[in-house]
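Accompanying notes for the structure given below.
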Amino acid sequence: MPRLTEILLVQPPVQHPALLTPAVLQAEAALRAEGRSPVLFHAGADFSVNYLMAVPVQAQLINRVRERLHKGQYHGLADDILQRAERYAERRDSVDPVPDPPEAWMAAVTSASCSDPLSFAQTIYRFDERLRLASVACFPTHLDRRGFSHPALDDESALVAYLEEPAQNPFLEYVRHWCRPPIAIEQCAAAVIIVSTAGQIAGALTMARSWKKRRPLLKLCICAVTERLQRSAEDLLGNMLQPADWEIYCIVQRAIKAIDGTGTNGAAGEADERTGNQQRGLQQIRSCLLQPEFLQDLPAPREDGGGSVIVWRHPQGKLASISRALFQAAKQGHWNHLVLSAQDDPSLVARLKGFADENPYIIHSWCRREKPLSKYSDAMDFYPVGNPSYGKTAPLPGQPMWQRLQDPVYLQACLARRSAKLVVQQRVSDDEREMATLGSRLVYCYLPPGQLPPGYLDEIIMMVEAGGTVGSQWLRYNLERAFLIGYAEENGIIVGNSSLKHPRQEYVAAVSAQCGIDLHDYLERGYTSVRPEYRSMGIGAKLLEGLTVRAEGYKVYSVIAEDNVATQKMAVRNRTRLVASFFSERTQKQIGIWIPEWMLPEGVPLPRQPDLQ
């Protein structure tokens, strides 16, 4: 019987470098319950840090890109692959050095430690860049921090050929020269490699074959969470496979047979003190079906008052019901991460994407999951890049931090130290040197239209059009003749606006006749629009307040559609009350007339105020 400390329990590349999969944790717990003392080896983290970040490895990968580019092997491929290859080949210094101190870099990548948002985002971006470099150098192999993919691995013969192909298999060089398990293979009596996803089989088999060649008598086995992967491992290793002590093999197999292969989205399992901190982020991440029967069972807020990342999958039902559930989760401080796939209703997916663009404080992040490219590949998550457009308005500078961090594991690391709302507001500048917080440098201005800076009126018109709640026929006409225009800007970008306008007499007469109140001597307060990224900051309410106090003796009213709840809430916060309503034939909506309570006309009884809870 081997010494207890010589049982090596291995999580092969790649999966997530910051977390051990549930199967590995359950296997460890089961072995310890039987009196064994396995040593955990997160080979995915080791591959990420000790291999990808090594300066000689980076230089070698860049040289391989140059050689393949010289041979024309990238021509005819997707533009992004060719452009990346050309960019890597043109680098003069060959490598991008690891930032100092390297220990901090390793902690951020492998343990999801986020003490400083900017350095955390920079580190994760550099890490992803190494994965992109390795993917281009080993194309068509694709690596990211969540999985492995290759389009041609659809049968065992293709997989066998791939395992011995150094130009495409990055695990081969890693295992031969860079792999650093806590117990040397020459001193290890038994090794158990646990495969949780189809994409791990290439890395697991590469490790197993290399180790057995170095030490033929090593007792080694591969235990997979599915029978298909288990059969593949046993067939491909053949008589090289020796159970690492039959009792150990059986203990591990019993422990992981209930694991469903969901990787880092599955249950966390139990972890001892040495791995507890590493797994805390996984334990806080919740996975929920975005379907009617599950929408009532939202996770409760954490005991420390913070929120958890909720991974919502397979949306079904009406958008109104879905949005209410997501809103309640966000209200409780949770981070809503939406995973969309080709199996979901395309119409609902399109509406959810639009809803996410318009409501970044409700759907905080989302990705599109594509099915595996081959039998031995992982499904891949693709995240949006850049800022969603807001009509034709100027784009916001920088990039949302969540797009840099992307997956729930690193997002949960941020939530451990700051609220979901603050994480949404944080953006990495275009030069990557600054972490900006939206709303921290707002400037409010109130000017007649003739005094606006050049181009501002056009931008405000495009912003109102982007809001989509008013017609555009008289928009420019009314704004050019407005009494006062208020706008909020940050870093030279207009992020919100509203106005006090002199409505056309024909319009005022029609509205007065329909609502029963004479509004001819009033200013109309309207055309309020706030960019989605800046909503929930009180910008619209502050603009309305600023305009109202500058009305210079005029009374003010607002026209608000009954279904425009957000603007109604804004009006209530500004002590504005519903005084009348009517049905608009043009819009086919019920329309309300709202007036500040200190400007209410005498003798006009107030109708029942809307319930906006």
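The chains in the structure tokens are called A, B, ... from first to last as shown; in each chain the residues are counted from 1, and the ligands are counted from 1 in the order shown.
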Could you please write out, as a ChimeraX atom specification, every residue of range 127-375 of chain A that DSSP assigns to helix (DSSP H, G or I)? /A:127-137,156-163,170-178,185-187,198-214,227-240,246-256,263-265,273-284,292-294,319-331,346-358
Hey, could you make a per-residue contact list for range 44-138 of chain A against range 147-163 of chain A with 12 Å as the cut-off, showing the nearest pair of atoms and its distance in Å to one decimal, counting only C-alpha atoms, sorted by chain and number, as CSV?
residue,atom,partner,partner_atom,distance
A:Gly44,CA,A:Gly147,CA,10.0
A:Leu131,CA,A:Phe148,CA,10.5
A:Arg132,CA,A:Phe148,CA,12.0
A:Ala134,CA,A:Phe148,CA,11.5
A:Ser135,CA,A:Phe148,CA,9.7
A:Cys138,CA,A:His150,CA,10.1
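When the distance limit is 10 Å and only C-alpha atoms are what count, the residues near Pro610 in chain A, minus those fewer than 4 positions from it on the same chain, are Glu562, Val565, Gln568, Lys569, Val572, Arg577 and Leu578 of chain A.
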Nearest candidate to Ala45 in chain A (options A:Ala18, A:Ile494, A:Cys179, A:Leu457; using only C-alpha atoms):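 Closest candidate: A:Ala18.
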Given the choices A:Gln200, A:Glu186, A:Ser558, A:His142, which gets closest to Lys219 in chain A if the distance is worked out from only C-alpha atoms?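 For Lys219 in chain A, the nearest of the candidates is A:Glu186.
Among the candidates A:Ala416, A:Leu25, A:Ala394, A:Ile7, the one nearest to Met462 in chain A when counting only C-alpha atoms is A:Ala394.
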